[in-house]
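Shown next: structure-v5.cif, containing mmCIF, C-alpha atoms and all ligand atoms.
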data_data
#
loop_
_atom_site.label_atom_id
_atom_site.label_comp_id
_atom_site.auth_asym_id
_atom_site.auth_seq_id
_atom_site.Cartn_x
_atom_site.Cartn_y
_atom_site.Cartn_z
CA MET A 923 -8.82 -29.42 -30.48
CA THR A 924 -10.83 -27.60 -33.14
CA THR A 925 -9.87 -28.84 -36.61
CA ALA A 926 -8.49 -26.33 -39.08
CA VAL A 927 -11.19 -27.08 -41.64
CA GLY A 928 -13.87 -26.79 -38.97
CA ALA A 929 -12.52 -23.42 -37.86
CA ALA A 930 -12.54 -22.12 -41.42
CA ARG A 931 -16.06 -23.38 -42.08
CA ARG A 932 -17.58 -21.96 -38.94
CA GLY A 933 -16.42 -18.42 -39.74
CA THR A 934 -14.39 -18.09 -36.53
CA SER A 935 -11.52 -15.66 -36.27
CA ALA A 936 -9.18 -18.68 -36.48
CA GLY A 937 -10.94 -19.56 -39.72
CA ALA A 938 -10.36 -16.02 -41.00
CA VAL A 939 -6.64 -16.33 -40.14
CA LEU A 940 -6.47 -19.68 -41.90
CA GLN A 941 -8.17 -18.32 -45.03
CA VAL A 942 -5.35 -15.81 -45.51
CA PHE A 943 -2.23 -17.15 -43.80
CA TYR A 944 -1.24 -20.01 -46.10
CA ARG A 945 -2.19 -18.11 -49.25
CA VAL A 946 0.56 -15.52 -48.74
CA PRO A 947 3.61 -16.32 -50.91
CA ARG A 948 6.79 -17.06 -48.92
CA ALA A 949 8.88 -14.57 -50.91
CA GLY A 950 11.16 -13.95 -47.92
CA ALA A 951 12.62 -17.43 -48.46
CA VAL A 952 15.31 -15.72 -50.57
CA ARG A 953 17.01 -14.70 -47.33
CA LEU A 954 15.06 -15.61 -44.19
CA SER A 955 16.38 -18.63 -42.30
CA ASP A 956 12.85 -19.79 -41.47
CA GLY A 957 11.95 -20.07 -45.16
CA GLY A 958 9.83 -16.91 -45.27
CA GLY A 959 6.09 -16.57 -45.00
CA PRO A 960 4.01 -14.38 -42.71
CA LEU A 961 5.19 -14.16 -39.09
CA GLY A 962 7.95 -16.69 -39.60
CA PHE A 963 5.34 -19.13 -41.00
CA ASP A 964 4.10 -19.72 -37.46
CA ILE A 965 0.32 -19.58 -37.48
CA THR A 966 0.18 -19.57 -33.66
CA ALA A 967 1.78 -16.09 -33.82
CA ALA A 968 -0.99 -15.05 -36.21
CA LEU A 969 -3.60 -16.40 -33.76
CA GLN A 970 -1.99 -14.52 -30.84
CA ILE A 971 -1.94 -11.28 -32.84
CA ASP A 972 -5.48 -11.86 -34.11
CA HIS A 973 -6.74 -12.19 -30.55
CA LEU A 974 -5.00 -8.95 -29.54
CA ILE A 975 -6.16 -6.94 -32.56
CA GLY A 976 -9.73 -7.93 -31.74
CA ALA A 977 -9.50 -7.51 -27.97
CA TYR A 978 -7.78 -4.11 -28.16
CA ASP A 979 -9.91 -3.02 -31.11
CA CYS A 980 -6.69 -1.90 -32.80
CA ASP A 981 -7.07 0.98 -35.23
CA GLY A 982 -3.97 0.25 -37.30
CA ILE A 983 -0.95 -2.01 -37.76
CA VAL A 984 2.59 -0.66 -37.89
CA GLU A 985 5.47 -2.95 -38.86
CA THR A 986 9.17 -2.16 -38.80
CA GLY A 987 11.42 -4.14 -41.13
CA CYS A 988 9.11 -5.46 -43.85
CA PHE A 989 11.84 -7.03 -46.02
CA VAL A 990 9.88 -8.15 -49.14
CA GLY A 991 6.50 -7.93 -47.42
CA ASP A 992 5.40 -11.46 -46.40
CA SER A 993 3.95 -10.36 -43.05
CA THR A 994 2.79 -7.04 -44.51
CA GLU A 995 0.75 -8.84 -47.15
CA TYR A 996 -0.77 -11.11 -44.51
CA PHE A 997 -1.73 -8.15 -42.28
CA ALA A 998 -3.19 -6.21 -45.20
CA ARG A 999 -5.30 -9.11 -46.45
CA ARG A 1000 -6.46 -10.32 -43.03
CA TYR A 1001 -7.34 -6.80 -41.83
CA PRO A 1002 -8.48 -4.91 -44.95
CA HIS A 1003 -10.36 -2.42 -42.74
CA LEU A 1004 -7.15 -1.29 -40.98
CA PRO A 1005 -4.29 0.88 -42.23
CA VAL A 1006 -1.09 -1.17 -42.45
CA ARG A 1007 2.04 0.98 -42.38
CA THR A 1008 5.47 -0.53 -42.79
CA CYS A 1009 9.07 0.38 -43.54
CA ASP A 1010 12.51 -0.99 -44.26
CA ILE A 1011 15.94 0.58 -44.42
CA ASP A 1012 16.79 -1.45 -47.54
CA ALA A 1013 15.48 0.39 -50.60
CA ASP A 1014 15.65 -2.75 -52.75
CA ALA A 1015 13.41 -4.56 -50.24
CA THR A 1016 10.86 -1.73 -50.11
CA ALA A 1017 10.84 -1.55 -53.94
CA VAL A 1018 9.87 -5.24 -54.05
CA ALA A 1019 7.35 -4.89 -51.22
CA SER A 1020 5.76 -1.77 -52.76
CA HIS A 1021 5.40 -3.49 -56.12
CA ARG A 1022 3.99 -6.64 -54.56
CA LEU A 1023 1.50 -4.75 -52.38
CA ALA A 1024 0.49 -2.10 -54.91
CA ASP A 1025 -3.08 -3.42 -55.22
CA LEU A 1026 -3.68 -3.40 -51.46
CA THR A 1027 -4.94 0.10 -50.83
CA ASN A 1028 -4.64 -0.10 -47.03
CA VAL A 1029 -0.82 -0.47 -47.17
CA THR A 1030 1.84 2.25 -46.97
CA VAL A 1031 5.52 1.33 -47.43
CA GLU A 1032 8.27 3.78 -46.41
CA THR A 1033 12.04 3.56 -46.85
CA GLY A 1034 14.34 4.56 -44.01
CA ASP A 1035 15.38 3.91 -40.44
CA SER A 1036 12.48 2.49 -38.45
CA ALA A 1037 13.09 4.40 -35.21
CA GLN A 1038 13.11 7.67 -37.13
CA LEU A 1039 10.03 6.73 -39.16
CA LEU A 1040 7.96 5.38 -36.24
CA PRO A 1041 6.41 8.73 -35.16
CA GLN A 1042 5.15 9.23 -38.71
CA LEU A 1043 3.95 5.62 -39.02
CA LEU A 1044 2.11 5.84 -35.69
CA SER A 1045 0.55 9.25 -36.25
CA GLY A 1046 -3.21 9.41 -35.78
CA LEU A 1047 -3.44 5.89 -34.32
CA SER A 1048 -4.60 5.51 -30.72
CA ARG A 1049 -4.53 1.69 -30.40
CA PRO A 1050 -1.95 0.43 -32.90
CA LEU A 1051 -0.54 -3.08 -33.07
CA VAL A 1052 3.18 -2.36 -33.45
CA TYR A 1053 5.15 -5.29 -34.86
CA LEU A 1054 8.88 -4.69 -34.38
CA ASP A 1055 10.95 -6.83 -36.75
CA ALA A 1056 13.73 -4.50 -37.96
CA HIS A 1057 17.17 -6.03 -37.50
CA TRP A 1058 20.13 -7.67 -39.31
CA TYR A 1059 22.63 -4.80 -39.35
CA SER A 1060 25.14 -3.43 -36.84
CA SER A 1061 22.82 -0.54 -36.00
CA TRP A 1062 19.98 -2.49 -34.37
CA PRO A 1063 17.06 -0.11 -33.83
CA LEU A 1064 15.01 -2.08 -31.26
CA ALA A 1065 15.88 -0.07 -28.12
CA ARG A 1066 15.31 3.20 -29.99
CA GLU A 1067 12.02 1.85 -31.34
CA LEU A 1068 10.88 0.86 -27.85
CA HIS A 1069 11.64 4.39 -26.61
CA THR A 1070 9.61 5.90 -29.42
CA VAL A 1071 6.26 4.15 -28.98
CA THR A 1072 4.07 6.15 -26.59
CA ARG A 1073 0.89 4.11 -26.95
CA GLY A 1074 0.10 0.72 -28.39
CA LEU A 1075 0.32 -3.03 -28.19
CA ILE A 1076 3.89 -3.96 -29.12
CA VAL A 1077 5.01 -7.32 -30.53
CA VAL A 1078 8.78 -7.93 -30.68
CA ASP A 1079 9.87 -10.65 -33.08
CA ASP A 1080 12.84 -12.99 -32.59
CA PHE A 1081 12.53 -12.61 -28.84
CA ASP A 1082 14.10 -14.86 -26.19
CA ILE A 1083 11.25 -16.65 -24.40
CA GLY A 1084 13.60 -19.05 -22.58
CA HIS A 1085 12.39 -22.12 -24.49
CA PRO A 1086 14.80 -24.27 -26.53
CA ARG A 1087 12.44 -24.65 -29.52
CA PHE A 1088 12.29 -20.89 -30.08
CA GLY A 1089 15.09 -18.81 -31.60
CA TYR A 1090 15.94 -15.20 -30.89
CA ASP A 1091 18.36 -12.51 -32.00
CA ALA A 1092 21.39 -11.06 -30.28
CA TYR A 1093 23.66 -8.27 -31.49
CA ASP A 1094 26.96 -7.38 -29.81
CA GLN A 1095 26.03 -9.82 -27.04
CA VAL A 1096 22.81 -7.94 -26.31
CA VAL A 1097 19.97 -10.45 -26.40
CA CYS A 1098 16.58 -9.57 -27.88
CA GLY A 1099 14.79 -10.48 -24.68
CA PRO A 1100 13.09 -9.26 -21.51
CA GLN A 1101 16.18 -7.58 -20.04
CA LEU A 1102 16.46 -5.35 -23.10
CA VAL A 1103 12.81 -4.34 -22.62
CA ALA A 1104 13.39 -3.74 -18.89
CA ASP A 1105 16.35 -1.49 -19.70
CA ALA A 1106 14.62 0.39 -22.50
CA ARG A 1107 11.28 0.98 -20.70
CA ALA A 1108 11.67 2.00 -17.07
CA ASP A 1109 7.89 2.54 -16.96
CA LEU A 1110 7.04 -1.16 -17.49
CA ASP A 1111 7.20 -3.76 -14.75
CA ARG A 1112 6.03 -6.76 -16.74
CA MET A 1113 5.51 -8.10 -20.22
CA TRP A 1114 4.31 -11.33 -21.86
CA VAL A 1115 5.62 -13.95 -24.27
CA GLY A 1116 3.78 -16.41 -26.49
CA ASN A 1117 2.85 -19.63 -24.70
CA PRO A 1118 3.78 -22.69 -26.81
CA TYR A 1119 1.58 -24.93 -24.65
CA ALA A 1120 -1.74 -23.12 -25.12
CA ASP A 1121 -4.47 -25.06 -26.93
CA TYR A 1122 -4.35 -23.31 -30.32
CA PRO A 1123 -7.22 -23.96 -32.72
CA LEU A 1124 -4.77 -24.42 -35.62
CA PRO A 1125 -1.51 -26.40 -35.69
CA CYS A 1126 1.84 -24.77 -36.41
CA LEU A 1127 3.29 -26.19 -39.66
CA GLN A 1128 6.69 -24.50 -39.26
CA THR A 1129 9.04 -27.47 -38.90
CA GLY A 1130 12.17 -25.30 -39.18
CA ARG A 1131 13.21 -22.37 -37.05
CA ARG A 1132 10.47 -20.89 -34.86
CA ALA A 1133 11.00 -17.45 -33.37
CA GLY A 1134 9.95 -16.35 -29.90
CA ARG A 1135 7.79 -13.25 -29.56
CA GLY A 1136 7.47 -10.70 -26.79
CA PHE A 1137 4.34 -8.65 -26.13
CA LEU A 1138 4.05 -5.40 -24.19
CA THR A 1139 1.46 -2.73 -23.66
CA VAL A 1140 2.17 0.97 -23.52
CA GLY A 1141 -0.74 3.09 -22.33
CA LEU A 1142 -3.23 0.25 -22.85
CA PRO A 1143 -4.66 -2.11 -20.20
CA PRO A 1144 -3.10 -5.57 -19.71
CA GLY A 1145 -6.42 -7.48 -19.53
CA PRO A 1146 -6.42 -9.15 -22.98
CA LEU A 1147 -2.89 -10.48 -22.37
CA ASP A 1148 -3.57 -11.55 -18.80
CA ASP A 1149 -6.86 -13.22 -19.69
CA SER A 1150 -5.69 -15.40 -22.59
CA PRO A 1151 -3.77 -18.68 -22.15
CA MET A 1152 -1.87 -17.82 -25.35
CA PHE A 1153 0.34 -15.45 -23.32
CA THR A 1154 2.64 -16.06 -20.34
CA PRO A 1155 3.64 -13.09 -18.14
CA ILE A 1156 7.24 -12.20 -17.35
CA PRO A 1157 8.09 -9.86 -14.45
CA LEU A 1158 10.71 -7.32 -15.51
CA ARG A 1159 12.09 -6.07 -12.14
CA PRO A 1160 13.91 -8.37 -11.85
CA VAL A 1161 13.39 -10.43 -14.98
CA VAL A 1162 12.10 -13.95 -14.22
CA MET A 1163 11.85 -16.26 -17.22
CA PRO A 1164 8.88 -18.66 -17.41
CA ASP A 1165 9.13 -22.14 -15.94
CA TRP A 1166 7.95 -23.87 -19.10
CA SER A 1167 7.63 -27.34 -17.56
CA ALA A 1168 5.16 -25.88 -15.02
CA VAL A 1169 3.28 -24.05 -17.80
CA GLU A 1170 3.12 -27.28 -19.83
CA ALA A 1171 1.80 -29.24 -16.84
CA LEU A 1172 -0.85 -26.59 -16.19
CA GLY A 1173 -1.92 -26.72 -19.84
CA LYS A 1174 -2.35 -30.51 -19.66
CA GLU A 1175 -4.33 -30.18 -16.44
CA ARG A 1176 -6.73 -27.71 -18.06
CA ARG A 1177 -7.43 -29.98 -21.08
C1 LIG B 1 13.77 -10.34 -40.51
S1 LIG B 1 13.63 -9.15 -41.77
C2 LIG B 1 11.94 -8.70 -41.68
C3 LIG B 1 10.99 -9.77 -42.14
C4 LIG B 1 9.56 -9.30 -42.32
N1 LIG B 1 9.05 -8.56 -41.19
C5 LIG B 1 8.66 -10.47 -42.59
O1 LIG B 1 7.90 -10.86 -41.68
O2 LIG B 1 8.73 -11.05 -43.67
C6 LIG B 1 14.40 -7.77 -41.04
C7 LIG B 1 14.35 -6.51 -41.93
O3 LIG B 1 14.70 -5.39 -41.11
C8 LIG B 1 15.33 -4.44 -41.94
N2 LIG B 1 16.02 -3.45 -41.09
C9 LIG B 1 17.18 -3.59 -40.42
N3 LIG B 1 17.50 -2.47 -39.76
C10 LIG B 1 16.50 -1.58 -40.01
C11 LIG B 1 16.24 -0.25 -39.61
N4 LIG B 1 17.06 0.41 -38.80
N5 LIG B 1 15.11 0.34 -40.07
C12 LIG B 1 14.26 -0.32 -40.89
N6 LIG B 1 14.46 -1.58 -41.31
C13 LIG B 1 15.56 -2.21 -40.87
C14 LIG B 1 16.23 -5.27 -42.83
O4 LIG B 1 16.58 -4.56 -43.99
C15 LIG B 1 15.34 -6.50 -43.09
O5 LIG B 1 14.66 -6.38 -44.31
#
When written as structure tokens, how does the structure in this file appear?
Amino acid sequence: MTTAVGAARRGTSAGAVLQVFYRVPRAGAVRLSDGGGPLGFDITAALQIDHLIGAYDCDGIVETGCFVGDSTEYFARRYPHLPVRTCDIDADATAVASHRLADLTNVTVETGDSAQLLPQLLSGLSRPLVYLDAHWYSSWPLARELHTVTRGLIVVDDFDIGHPRFGYDAYDQVVCGPQLVADARADLDRMWVGNPYADYPLPCLQTGRRAGRGFLTVGLPPGPLDDSPMFTPIPLRPVVMPDWSAVEALGKERR
């Protein structure tokens, strides 16, 4: 395994992630069960996203549900050449995030319902990374958000990957997982989730709750997801969850 210090020194993309990730204040600790920090303080999620932003040559990052801006700050500092557009329905949260991010000129923070704001946030972008993390209240916008995105690489946070170490959300007994995606997007027949057993160049230091993440492409080719061991495919019709013991065994075999 590449050491973290080695990655940073050699100027790799993992090094660039490392340079920013642990410097972002974990302001979200005031409410988030994982203690706050960018992407649930799980650097393997940052590495997955970093791979995809590079491979898809993304031209912007759109986040829904910024809370106080931990992930927004990470995105803005790691990708200063990209517009980073975010929103939250909680005006107190966006006031904090706007104040915190005021010096980062690539960031736009909007207040309102994410599904309604998404067309505006996505406008002019042809290969956006769309990070869907708006939830907490009875009106959960995820299905509406999924309907709204017409083109992009979508990352859904707090997603059921069928692995006991990884948490996920559920509202009114609807699980944030592959079946929700299958129901919301009749045009998709598969998606991907993060693979915990890939050989990541940096170790995850999140010892508390880790969240699963789902990845899907709309109008973009699947190659970068299919070709990287960081992602495991899930058929959607019908949904078949990964056999993680087989994935783990395959990972060991490859090393
Ligand atoms: C888990 S927090 C987001 C954490 C943040 N992405 C981060 O990484 O630090 C979820 C946020 O979604 C927001 N939210 C809930 N429903 C929303 C909606 N319909 N539109 C926009 N934001 C919403 C909540 O106010 C909350 O701040």
### Query
What lies within 8 Å of segment 964-974 of chain A using all atoms listed in the file, ignoring chain neighbours under 3 positions off, as a ChimeraX atom specification?
/A:935-936,939,943,960-961,977-980,1116,1122,1124-1128,1132,1135,1146-1147,1152-1153
Listed atoms of segment 1153-1166 of chain A boxed axis-aligned with 4 Å per side, centre + edges as AutoDock Vina command-line options:
--center_x 7.1 --center_y -15.0 --center_z -17.6 --size_x 21.6 --size_y 25.8 --size_z 19.5
Quick one: residues within 8 Å of segment 1162-1176 of chain A, all atoms listed in the file, excluding same-chain residues fewer than 3 positions away - as a compact mmCIF listing (two decimals) with C-alpha atoms, keeping the file's coordinate frame?
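The file below, out.txt, is the result:
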# COMPACT_ATOMS: atom_id res chain seq x y z
CA ILE A 1083 11.25 -16.65 -24.40
CA GLY A 1084 13.60 -19.05 -22.58
CA HIS A 1085 12.39 -22.12 -24.49
CA TYR A 1119 1.58 -24.93 -24.65
CA ALA A 1120 -1.74 -23.12 -25.12
CA ASP A 1121 -4.47 -25.06 -26.93
CA THR A 1154 2.64 -16.06 -20.34
CA PRO A 1155 3.64 -13.09 -18.14
CA ILE A 1156 7.24 -12.20 -17.35
CA PRO A 1157 8.09 -9.86 -14.45
CA LEU A 1158 10.71 -7.32 -15.51
Against ligand LIG 1 (chain B), which residues of chain A fall within 8 Å? For each one I want the closest pair of atoms and the distance in Å (one decimal), counting only C-alpha atoms and all ligand atoms, rows by chain and increasing residue number, as a tab-separated table.
residue	atom	partner	partner_atom	distance
A:Gly950	CA	B:LIG1	O2	5.7
A:Leu954	CA	B:LIG1	C1	6.6
A:Gly958	CA	B:LIG1	O2	6.2
A:Gly959	CA	B:LIG1	O2	6.3
A:Pro960	CA	B:LIG1	O1	5.3
A:Leu961	CA	B:LIG1	O1	5.0
A:Gly962	CA	B:LIG1	O1	6.2
A:Glu985	CA	B:LIG1	N1	7.1
A:Thr986	CA	B:LIG1	C12	5.8
A:Gly987	CA	B:LIG1	O3	3.5
A:Cys988	CA	B:LIG1	N1	4.1
A:Phe989	CA	B:LIG1	O5	3.4
A:Val990	CA	B:LIG1	O2	6.3
A:Gly991	CA	B:LIG1	O2	5.4
A:Asp992	CA	B:LIG1	O2	4.3
A:Ser993	CA	B:LIG1	O1	4.2
A:Thr994	CA	B:LIG1	O1	7.0
A:Cys1009	CA	B:LIG1	C12	5.9
A:Asp1010	CA	B:LIG1	N6	3.6
A:Ile1011	CA	B:LIG1	C12	4.0
A:Asp1012	CA	B:LIG1	O4	4.7
A:Ala1015	CA	B:LIG1	O5	6.3
A:Thr1033	CA	B:LIG1	C12	7.5
A:Gly1034	CA	B:LIG1	C12	5.8
A:Asp1035	CA	B:LIG1	N5	3.6
A:Ser1036	CA	B:LIG1	N5	3.8
A:Ala1037	CA	B:LIG1	N5	6.6
A:Leu1054	CA	B:LIG1	N1	7.8
A:Asp1055	CA	B:LIG1	N1	5.1
A:Ala1056	CA	B:LIG1	O3	3.4
A:His1057	CA	B:LIG1	C9	3.8
A:Trp1058	CA	B:LIG1	C9	5.2
A:Tyr1059	CA	B:LIG1	N3	5.6
A:Ser1061	CA	B:LIG1	N4	6.5
A:Trp1062	CA	B:LIG1	N3	5.9
A:Pro1063	CA	B:LIG1	N4	5.0
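When only C-alpha atoms are used to compute distances to Leu1039 of chain A, the closest of the residues A:Thr1008, A:Asp1014, A:Leu1051, A:Asp1025 turns out to be A:Thr1008.
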